[in-house]
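Q: So here's protein17.cif (mmCIF, C-alpha atoms and all ligand atoms).
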```
data_coords
#
loop_
_atom_site.label_atom_id
_atom_site.label_comp_id
_atom_site.auth_asym_id
_atom_site.auth_seq_id
_atom_site.Cartn_x
_atom_site.Cartn_y
_atom_site.Cartn_z
CA MET A 12 17.83 30.30 145.96
CA GLN A 13 19.71 33.51 146.12
CA LEU A 14 23.38 33.85 146.91
CA ASN A 15 24.85 36.98 148.37
CA ARG A 16 22.26 39.21 146.89
CA GLY A 17 23.15 42.89 146.93
CA ALA A 18 21.39 45.42 144.76
CA PRO A 19 18.10 44.34 143.15
CA PRO A 20 18.83 42.24 140.08
CA PRO A 21 18.71 43.85 136.68
CA GLN A 22 15.72 42.65 134.73
CA ILE A 23 15.93 41.23 131.30
CA GLY A 24 14.60 43.96 129.10
CA LEU A 25 14.69 44.58 125.42
CA ASN A 26 13.58 48.17 125.28
CA THR A 27 16.55 49.91 123.74
CA GLY A 28 16.18 52.01 120.61
CA ILE A 29 16.23 48.83 118.58
CA ALA A 30 12.95 47.00 118.86
CA ALA A 31 13.59 43.33 119.52
CA ARG A 32 10.47 42.56 117.54
CA GLU A 33 12.03 44.21 114.50
CA LEU A 34 15.13 42.06 114.88
CA VAL A 35 13.04 38.92 115.05
CA ALA A 36 10.94 40.03 112.08
CA ASN A 37 14.11 40.68 110.11
CA GLU A 38 15.31 37.20 110.83
CA ARG A 39 12.00 35.76 109.70
CA GLU A 40 11.51 37.95 106.65
CA GLY A 41 15.15 38.24 105.68
CA ALA A 42 14.97 42.03 105.67
CA THR A 43 18.22 44.00 105.77
CA GLY A 44 19.44 47.25 107.22
CA THR A 45 18.00 47.31 110.75
CA PRO A 46 19.18 50.60 112.20
CA GLY A 47 21.88 50.14 114.78
CA VAL A 48 22.69 46.52 113.93
CA PRO A 49 25.94 46.08 112.04
CA SER A 50 25.26 44.30 108.80
CA ALA A 51 27.31 41.34 107.64
CA ARG A 52 30.33 42.23 105.50
CA SER A 53 28.96 41.30 102.12
CA ASP A 54 25.70 40.36 100.49
CA VAL A 55 27.04 36.87 99.93
CA ARG A 56 27.88 36.43 103.59
CA ARG A 57 24.62 38.02 104.66
CA GLY A 58 22.70 35.63 102.42
CA ARG A 59 24.52 32.63 103.85
CA TRP A 60 23.93 33.85 107.36
CA ARG A 61 20.19 34.17 106.82
CA GLN A 62 20.04 30.78 105.14
CA SER A 63 21.85 29.16 108.04
CA LEU A 64 19.27 30.56 110.43
CA ARG A 65 16.44 29.01 108.47
CA ARG A 66 17.90 25.69 107.46
CA PRO A 67 17.97 22.63 109.72
CA ARG A 68 21.66 21.85 110.17
CA CYS A 69 21.79 18.06 110.17
CA GLY A 70 19.38 15.25 109.51
CA THR A 71 15.74 16.13 109.99
CA MET A 72 13.03 14.01 111.47
CA SER A 73 9.29 14.22 111.33
CA GLY A 74 7.63 15.85 114.32
CA MET A 75 5.99 14.46 117.41
CA SER A 76 3.26 11.87 117.04
CA PRO A 77 0.63 10.60 119.48
CA SER A 78 2.44 7.25 119.57
CA ASP A 79 5.48 8.90 121.14
CA VAL A 80 6.45 7.80 124.62
CA VAL A 81 7.96 10.83 126.33
CA LEU A 82 9.99 11.29 129.51
CA ILE A 83 10.32 14.87 130.77
CA THR A 84 12.73 15.80 133.55
CA GLY A 85 11.68 18.71 135.71
CA GLY A 86 8.12 17.79 134.79
CA GLY A 87 6.68 18.79 138.15
CA SER A 88 6.16 22.45 137.26
CA GLY A 89 6.52 25.20 134.70
CA ILE A 90 7.68 24.36 131.19
CA GLY A 91 8.08 20.63 131.89
CA ALA A 92 4.54 20.34 133.28
CA GLY A 93 3.18 22.47 130.41
CA LEU A 94 4.79 20.29 127.74
CA ALA A 95 3.69 17.16 129.61
CA GLY A 96 0.06 18.35 129.55
CA ALA A 97 0.19 19.23 125.84
CA LEU A 98 1.75 15.91 124.83
CA HIS A 99 -0.62 13.93 127.06
CA ALA A 100 -3.61 15.71 125.51
CA ARG A 101 -2.50 14.42 122.10
CA GLY A 102 -2.43 10.85 123.32
CA SER A 103 1.26 10.34 124.05
CA GLN A 104 2.34 8.29 127.03
CA VAL A 105 4.10 10.83 129.24
CA ILE A 106 6.34 10.21 132.24
CA VAL A 107 7.14 13.26 134.35
CA ALA A 108 10.34 12.91 136.37
CA GLY A 109 11.29 15.47 138.95
CA HIS A 110 12.96 16.27 142.18
CA GLY A 111 9.96 16.80 144.45
CA ARG A 112 7.71 13.73 144.65
CA GLU A 113 4.62 15.78 145.51
CA ARG A 114 5.02 18.03 142.51
CA VAL A 115 5.42 15.30 139.88
CA GLU A 116 2.66 13.22 141.43
CA ALA A 117 0.33 16.22 141.42
CA VAL A 118 1.02 16.80 137.71
CA ALA A 119 0.44 13.12 136.89
CA ALA A 120 -2.77 13.09 138.95
CA ARG A 121 -4.18 15.90 136.82
CA HIS A 122 -3.71 13.79 133.67
CA PRO A 123 -5.04 10.24 133.96
CA GLY A 124 -2.51 7.77 132.56
CA MET A 125 0.48 10.05 133.03
CA GLN A 126 3.20 8.54 135.21
CA ALA A 127 5.43 10.18 137.81
CA GLU A 128 9.02 9.31 138.67
CA VAL A 129 11.31 10.87 141.25
CA VAL A 130 14.89 11.69 140.28
CA ASP A 131 17.65 14.11 141.12
CA VAL A 132 19.27 14.69 137.73
CA ALA A 133 22.44 15.86 139.49
CA ASP A 134 22.97 12.34 140.83
CA PRO A 135 24.28 10.06 138.05
CA GLU A 136 23.29 6.92 139.94
CA GLN A 137 19.69 8.09 140.29
CA VAL A 138 19.59 8.99 136.60
CA ALA A 139 20.98 5.58 135.62
CA ALA A 140 18.43 3.86 137.88
CA LEU A 141 15.63 5.91 136.30
CA ALA A 142 16.76 4.91 132.80
CA GLU A 143 16.77 1.28 133.92
CA ARG A 144 13.21 1.51 135.34
CA VAL A 145 11.88 3.39 132.35
CA GLY A 146 13.58 1.02 129.90
CA GLN A 147 11.93 -1.95 131.56
CA ARG A 148 8.46 -0.46 131.73
CA TRP A 149 8.45 1.56 128.50
CA PRO A 150 11.04 -0.07 126.19
CA GLN A 151 9.45 1.86 123.30
CA LEU A 152 10.50 5.25 124.78
CA THR A 153 10.96 7.63 121.83
CA THR A 154 11.57 11.02 123.41
CA VAL A 155 13.47 12.45 126.36
CA ILE A 156 13.07 16.12 127.22
CA SER A 157 15.94 17.15 129.48
CA ASN A 158 14.29 20.13 131.09
CA ALA A 159 15.16 20.16 134.82
CA GLY A 160 16.92 23.37 135.79
CA ILE A 161 17.51 25.86 138.57
CA GLN A 162 18.53 29.50 138.61
CA HIS A 163 20.39 31.38 141.33
CA LEU A 164 21.37 35.01 141.59
CA VAL A 165 25.07 35.06 142.44
CA ASP A 166 27.05 38.19 143.29
CA PHE A 167 30.82 37.74 143.01
CA ALA A 168 31.23 41.49 143.58
CA GLY A 169 29.98 41.10 147.15
CA PRO A 170 32.21 40.49 150.18
CA GLY A 171 32.28 36.71 149.53
CA PRO A 172 33.47 34.03 149.50
CA LEU A 173 30.31 32.37 148.29
CA ASP A 174 28.95 29.01 149.35
CA ILE A 175 30.83 26.46 147.21
CA ALA A 176 28.11 23.82 147.55
CA GLU A 177 25.47 26.21 146.26
CA LEU A 178 27.67 27.37 143.40
CA GLY A 179 28.31 23.81 142.32
CA ARG A 180 24.67 22.78 142.57
CA GLU A 181 23.67 24.96 139.63
CA VAL A 182 26.36 23.37 137.46
CA ASP A 183 25.39 19.90 138.71
CA VAL A 184 21.70 20.29 137.85
CA ASN A 185 21.79 22.43 134.71
CA LEU A 186 24.85 21.02 132.96
CA LYS A 187 25.91 17.73 134.51
CA GLY A 188 22.25 16.73 134.78
CA VAL A 189 21.79 17.18 131.02
CA ILE A 190 24.95 15.15 130.38
CA TYR A 191 23.91 12.37 132.79
CA VAL A 192 20.44 12.15 131.22
CA ALA A 193 21.91 11.97 127.70
CA ASN A 194 24.38 9.29 128.77
CA ALA A 195 21.80 7.16 130.58
CA PHE A 196 19.00 7.37 128.01
CA LEU A 197 20.85 7.36 124.68
CA PRO A 198 21.26 3.56 124.60
CA LEU A 199 17.48 3.23 124.90
CA LEU A 200 16.79 5.96 122.34
CA LYS A 201 19.34 4.58 119.87
CA ALA A 202 17.50 1.25 119.90
CA GLN A 203 14.36 2.93 118.46
CA PRO A 204 13.76 3.34 114.73
CA ARG A 205 13.18 7.07 115.39
CA ALA A 206 13.81 8.95 118.59
CA ARG A 207 14.69 12.39 119.89
CA LEU A 208 16.56 13.93 122.78
CA VAL A 209 15.48 17.48 123.57
CA ASN A 210 17.77 19.60 125.75
CA VAL A 211 16.26 22.77 127.19
CA GLY A 212 18.68 25.70 126.91
CA SER A 213 17.95 29.38 127.38
CA GLY A 214 18.22 32.70 125.56
CA LEU A 215 20.72 33.52 128.33
CA GLY A 216 22.98 30.88 126.80
CA TYR A 217 23.44 33.37 123.92
CA VAL A 218 23.84 36.52 126.00
CA PRO A 219 24.57 36.20 129.75
CA LEU A 220 22.62 37.89 132.50
CA ALA A 221 25.31 39.16 134.89
CA ALA A 222 23.12 38.61 137.95
CA ALA A 223 22.87 34.92 137.07
CA PRO A 224 26.41 34.17 135.87
CA ILE A 225 26.49 30.46 136.62
CA TYR A 226 23.03 29.87 135.21
CA SER A 227 23.91 31.73 132.01
CA SER A 228 27.18 29.85 131.57
CA THR A 229 25.55 26.46 132.17
CA LYS A 230 23.04 27.28 129.43
CA ALA A 231 25.83 28.33 127.05
CA ALA A 232 27.47 24.99 127.83
CA VAL A 233 24.21 23.12 127.21
CA HIS A 234 24.02 24.84 123.80
CA SER A 235 27.57 23.75 122.96
CA PHE A 236 27.04 20.22 124.30
CA THR A 237 23.86 19.84 122.26
CA ILE A 238 25.56 20.92 119.03
CA ALA A 239 28.41 18.46 119.64
CA LEU A 240 26.01 15.65 120.50
CA ARG A 241 24.01 16.36 117.34
CA LEU A 242 27.13 16.01 115.24
CA GLN A 243 28.15 12.78 116.97
CA LEU A 244 24.69 11.30 116.45
CA LYS A 245 24.10 12.54 112.93
CA ASN A 246 24.16 9.00 111.52
CA SER A 247 22.01 7.55 114.29
CA THR A 248 18.22 7.34 114.61
CA VAL A 249 18.26 9.94 117.38
CA GLN A 250 17.51 13.55 116.56
CA VAL A 251 19.16 15.94 119.01
CA VAL A 252 17.06 19.04 119.60
CA GLU A 253 17.62 22.20 121.62
CA LEU A 254 14.58 24.05 122.87
CA ILE A 255 15.56 27.61 123.72
CA PRO A 256 13.00 29.58 125.73
CA PRO A 257 12.87 33.31 126.33
CA VAL A 258 11.78 34.51 129.78
CA VAL A 259 8.65 32.52 130.60
CA VAL A 260 6.35 32.96 133.59
CA THR A 261 7.29 30.00 135.83
CA ASP A 262 8.64 29.21 139.29
CA LEU A 263 12.20 29.54 137.96
CA HIS A 264 11.95 33.21 138.92
CA ARG A 265 10.65 32.56 142.42
CA HIS A 266 13.69 34.36 143.87
CA LEU A 267 12.76 37.61 142.14
CA ASP A 268 10.48 40.24 143.63
CA ARG A 269 8.35 40.32 140.50
CA ILE A 270 7.89 38.62 137.17
CA PRO A 271 10.55 39.78 134.69
CA PRO A 272 9.24 42.28 132.15
CA ARG A 273 8.20 40.92 128.77
CA ALA A 274 7.99 37.38 130.16
CA MET A 275 6.05 35.04 127.89
CA GLU A 276 2.96 33.33 129.27
CA LEU A 277 3.54 29.60 129.82
CA ASP A 278 0.67 28.52 127.54
CA ASP A 279 1.98 30.66 124.69
CA PHE A 280 5.45 29.21 125.17
CA VAL A 281 4.16 25.64 125.17
CA ASP A 282 2.18 26.31 121.95
CA ALA A 283 5.30 27.70 120.25
CA ALA A 284 7.48 24.83 121.48
CA MET A 285 4.97 22.29 120.19
CA VAL A 286 5.00 23.96 116.76
CA GLY A 287 8.79 23.53 116.66
CA LEU A 288 8.64 19.93 117.87
CA ASP A 289 5.89 19.13 115.36
CA ALA A 290 7.97 20.58 112.56
CA GLY A 291 10.91 18.34 113.55
CA ARG A 292 13.18 21.35 114.05
CA GLU A 293 16.58 20.88 115.66
CA GLU A 294 16.84 24.31 117.22
CA ILE A 295 13.57 25.64 118.50
CA VAL A 296 14.24 29.23 119.48
CA VAL A 297 11.14 30.86 120.91
CA GLY A 298 10.04 34.49 121.16
CA LEU A 299 12.61 37.01 122.32
CA ALA A 300 15.29 34.31 122.57
CA LYS A 301 15.49 34.82 118.79
CA ALA A 302 16.53 38.41 119.37
CA LEU A 303 19.24 37.26 121.80
CA ARG A 304 20.53 34.82 119.20
CA ILE A 305 20.78 37.63 116.66
CA PHE A 306 22.44 39.95 119.19
CA SER A 307 25.02 37.29 120.04
CA ARG A 308 25.95 36.95 116.37
CA ALA A 309 25.58 40.47 115.04
CA ALA A 310 26.02 42.82 118.01
CA PRO A 311 27.26 41.02 121.16
CA SER A 312 28.14 44.18 123.12
CA LEU A 313 24.74 45.69 122.46
CA GLY A 314 23.10 42.40 123.44
CA LEU A 315 24.97 42.45 126.74
CA LYS A 316 23.75 45.98 127.43
CA VAL A 317 20.16 45.15 126.55
CA VAL A 318 20.00 42.03 128.70
CA ASN A 319 21.68 43.67 131.66
CA GLN A 320 19.95 47.02 131.67
CA LYS A 321 17.85 47.75 134.72
CA ALA A 322 14.11 47.66 134.21
CA ASN A 323 12.41 51.05 134.19
N1 LIG A 401 11.18 30.19 132.83
C1 LIG A 401 12.09 30.79 132.10
O1 LIG A 401 12.09 32.04 131.97
C2 LIG A 401 13.12 30.00 131.38
C3 LIG A 401 13.87 30.64 130.38
C4 LIG A 401 14.84 29.92 129.71
C5 LIG A 401 15.06 28.58 130.03
N2 LIG A 401 14.33 27.99 131.00
C6 LIG A 401 14.62 26.59 131.33
O2 LIG A 401 13.45 25.82 131.30
C7 LIG A 401 13.61 24.69 132.15
C8 LIG A 401 12.38 24.55 133.03
O3 LIG A 401 12.32 25.66 133.91
P1 LIG A 401 10.96 26.34 134.35
O4 LIG A 401 11.00 27.72 133.89
O5 LIG A 401 9.82 25.49 133.97
O6 LIG A 401 11.16 26.41 135.93
P2 LIG A 401 10.54 25.56 137.11
O7 LIG A 401 9.05 25.68 137.11
O8 LIG A 401 11.27 25.93 138.33
O9 LIG A 401 10.87 24.06 136.67
C9 LIG A 401 12.11 23.47 136.90
C10 LIG A 401 11.83 22.03 137.30
O10 LIG A 401 13.07 21.36 137.43
C11 LIG A 401 12.99 20.53 138.57
N3 LIG A 401 14.29 20.27 139.13
C12 LIG A 401 15.13 21.15 139.72
N4 LIG A 401 16.23 20.54 140.13
C13 LIG A 401 16.09 19.24 139.80
C14 LIG A 401 16.89 18.11 139.96
N5 LIG A 401 18.09 18.17 140.57
N6 LIG A 401 16.43 16.92 139.52
C15 LIG A 401 15.23 16.83 138.92
N7 LIG A 401 14.42 17.87 138.73
C16 LIG A 401 14.85 19.07 139.17
C17 LIG A 401 12.14 21.30 139.55
O11 LIG A 401 11.58 20.38 140.48
P3 LIG A 401 11.46 20.74 142.04
O12 LIG A 401 10.78 22.09 142.07
O13 LIG A 401 10.67 19.63 142.59
O14 LIG A 401 12.87 20.81 142.55
C18 LIG A 401 11.11 21.94 138.65
O15 LIG A 401 9.97 21.13 138.51
C19 LIG A 401 14.90 24.93 132.94
O16 LIG A 401 15.94 24.19 132.36
C20 LIG A 401 15.14 26.41 132.74
O17 LIG A 401 16.49 26.75 132.85
C21 LIG A 401 13.36 28.66 131.68
#
```
Would it be possible to restate this file's structure as C-alpha cells?
A:
Amino acid sequence: MQLNRGAPPPQIGLNTGIAARELVANEREGATGTPGVPSARSDVRRGRWRQSLRRPRCGTMSGMSPSDVVLITGGGSGIGAGLAGALHARGSQVIVAGHGRERVEAVAARHPGMQAEVVDVADPEQVAALAERVGQRWPQLTTVISNAGIQHLVDFAGPGPLDIAELGREVDVNLKGVIYVANAFLPLLKAQPRARLVNVGSGLGYVPLAAAPIYSSTKAAVHSFTIALRLQLKNSTVQVVELIPPVVVTDLHRHLDRIPPRAMELDDFVDAAMVGLDAGREEIVVGLAKALRIFSRAAPSLGLKVVNQKAN
C-alpha cells in the first residue's frame, strides 16, 4: 500500500565513507577508533558500552528445542513462513496465523503437521479468540512470535490530507497488534515452566526511514514496548525477545519498484535468527540492523543520512 507517493522512495543504503561492515565488526571484536564515528567519552564508558552490547540484559533462557510449540503471526509469507519452516523441520509443532487464509493454509500444506489459523492482529477480539482456540488445542504452547507487519510509504510533504484509515492501519497492525498478542497470550505463556514471546522489530526502529515514517515509528515503539515488557516479566517464566531484522527480501517491499539494495536473502536471515533463538538471546539483531543500532547510539545524524540517502 502506498499513500500519496511523490518522488521515488529513497532506498536504504549503507554506502557512505564508513563501511557498515566495519561498524558491525567493531561491535563484534570490540575494536576502537573507527574513522568518522565519534568515540565514547572515556575508556571506562567505552568499555561499559561494549559490554552492554554483548551481555544479555535480564534473565536468560536456553534456546529453542524441538519440543517447543510455536505460534507465529504473519506466518503466511516472508520471515514468518521462513521461521515456521525452520522450526517445523526441527520437529516443533508450529501454528501459522495470518490475515489471508489462502496464504497461511498454503504454508501449512507445505509442511505436514503444521497448522493454520486466520487472525487479524489489529482486531483485539480476533486475537483473544485465537488465544482461546490455541490454548484449548495446544495448552503446552511455549513460544509466540509476534511477526505480522505492514509497511506503507507515506508522504506528509504532499498536498494531503492523507487517508486517516490507512494511516491508522499501520499503527493498528504493527504496534497495537503486538500489544494485543502479548496481552492475549501471556496468561498461557506464564503458565508454562519456560516460555518466550518474540516481538519482531526492525532496524528502522533505531533509525527512521523518512519515506516510511509511520512504519519506522511503530517499530521504535515495538522496541520500547518490548524492553518494558521484559522488565515487567523479569521474574516470570517468560523470556521476552526482540528479533530485529535488517532489510530482507520479502513481500513487505511489494510497493517498491525493486528490491532494496543490500537486502538480505530470506534463508540467510532465518539461519541468523535461529542462531539467536538457539542461543537464548533477548535481542537478536541481524546483519546491517547492527550497524543501525550503532549509528543510533554513536552517530544518530550520520545514521539518518545513511538510511535516507538515495540509492545510486
Ligand atoms: N522484510 C524486511 O525487510 C523487514 C525488515 C525489518 C522488519 N521486518 C518485519 O518482519 C515482519 C515480517 O515481515 P516480512 O518481511 O516477512 O513481510 P511479509 O512477507 O509481507 O509478511 C508479513 C505478514 O504479516 C501478515 N499480516 C499483515 N497484516 C496482518 C494482520 N492485520 N493480521 C495478521 N497478519 C497480518 C501478512 O499476511 P497477509 O499478506 O495475508 O496480509 C504477511 O503474511 C514484519 O513485522 C516486518 O515489519 C521486515
Q: All residues within 8 Å of ligand LIG 401 (chain A) are required, counting only C-alpha atoms and all ligand atoms; please report them as an MDAnalysis selection string.
A: chainID A and resid 84:92 108:115 129:134 157:162 183:185 188 211:215 226 230 255:265 274:275
Q: Between CA of Asp282 (chain A) and CA of Leu299 (chain A), what is the distance, to one decimal in Å?
A: 14.9 Å
Q: When you draw a straight line from CA of His234 (chain A) to CA of Pro271 (chain A), how long is it in Å?
A: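 Computed distance, CA of His234 (chain A) to CA of Pro271 (chain A), equals 22.9 Å.
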Q: How many Å lie between CA of Leu173 (chain A) and CA of Leu220 (chain A), rounded to one decimal?
A: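 Straight-line distance from CA of Leu173 (chain A) to CA of Leu220 (chain A) works out to 18.4 Å.
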Q: With all atoms listed in the file as the basis for distance, which of A:Arg292, A:His266, A:Arg101, A:Arg241 is at the shortest distance from Leu254 (chain A)?
A: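 Closest residue, counting all atoms listed in the file: A:Arg292.
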Q: When you count only C-alpha atoms, which of these residues is closest to Gly146 (chain A): A:Ile190, A:Ala195, A:Ile175, A:Ala100?
A: A:Ala195
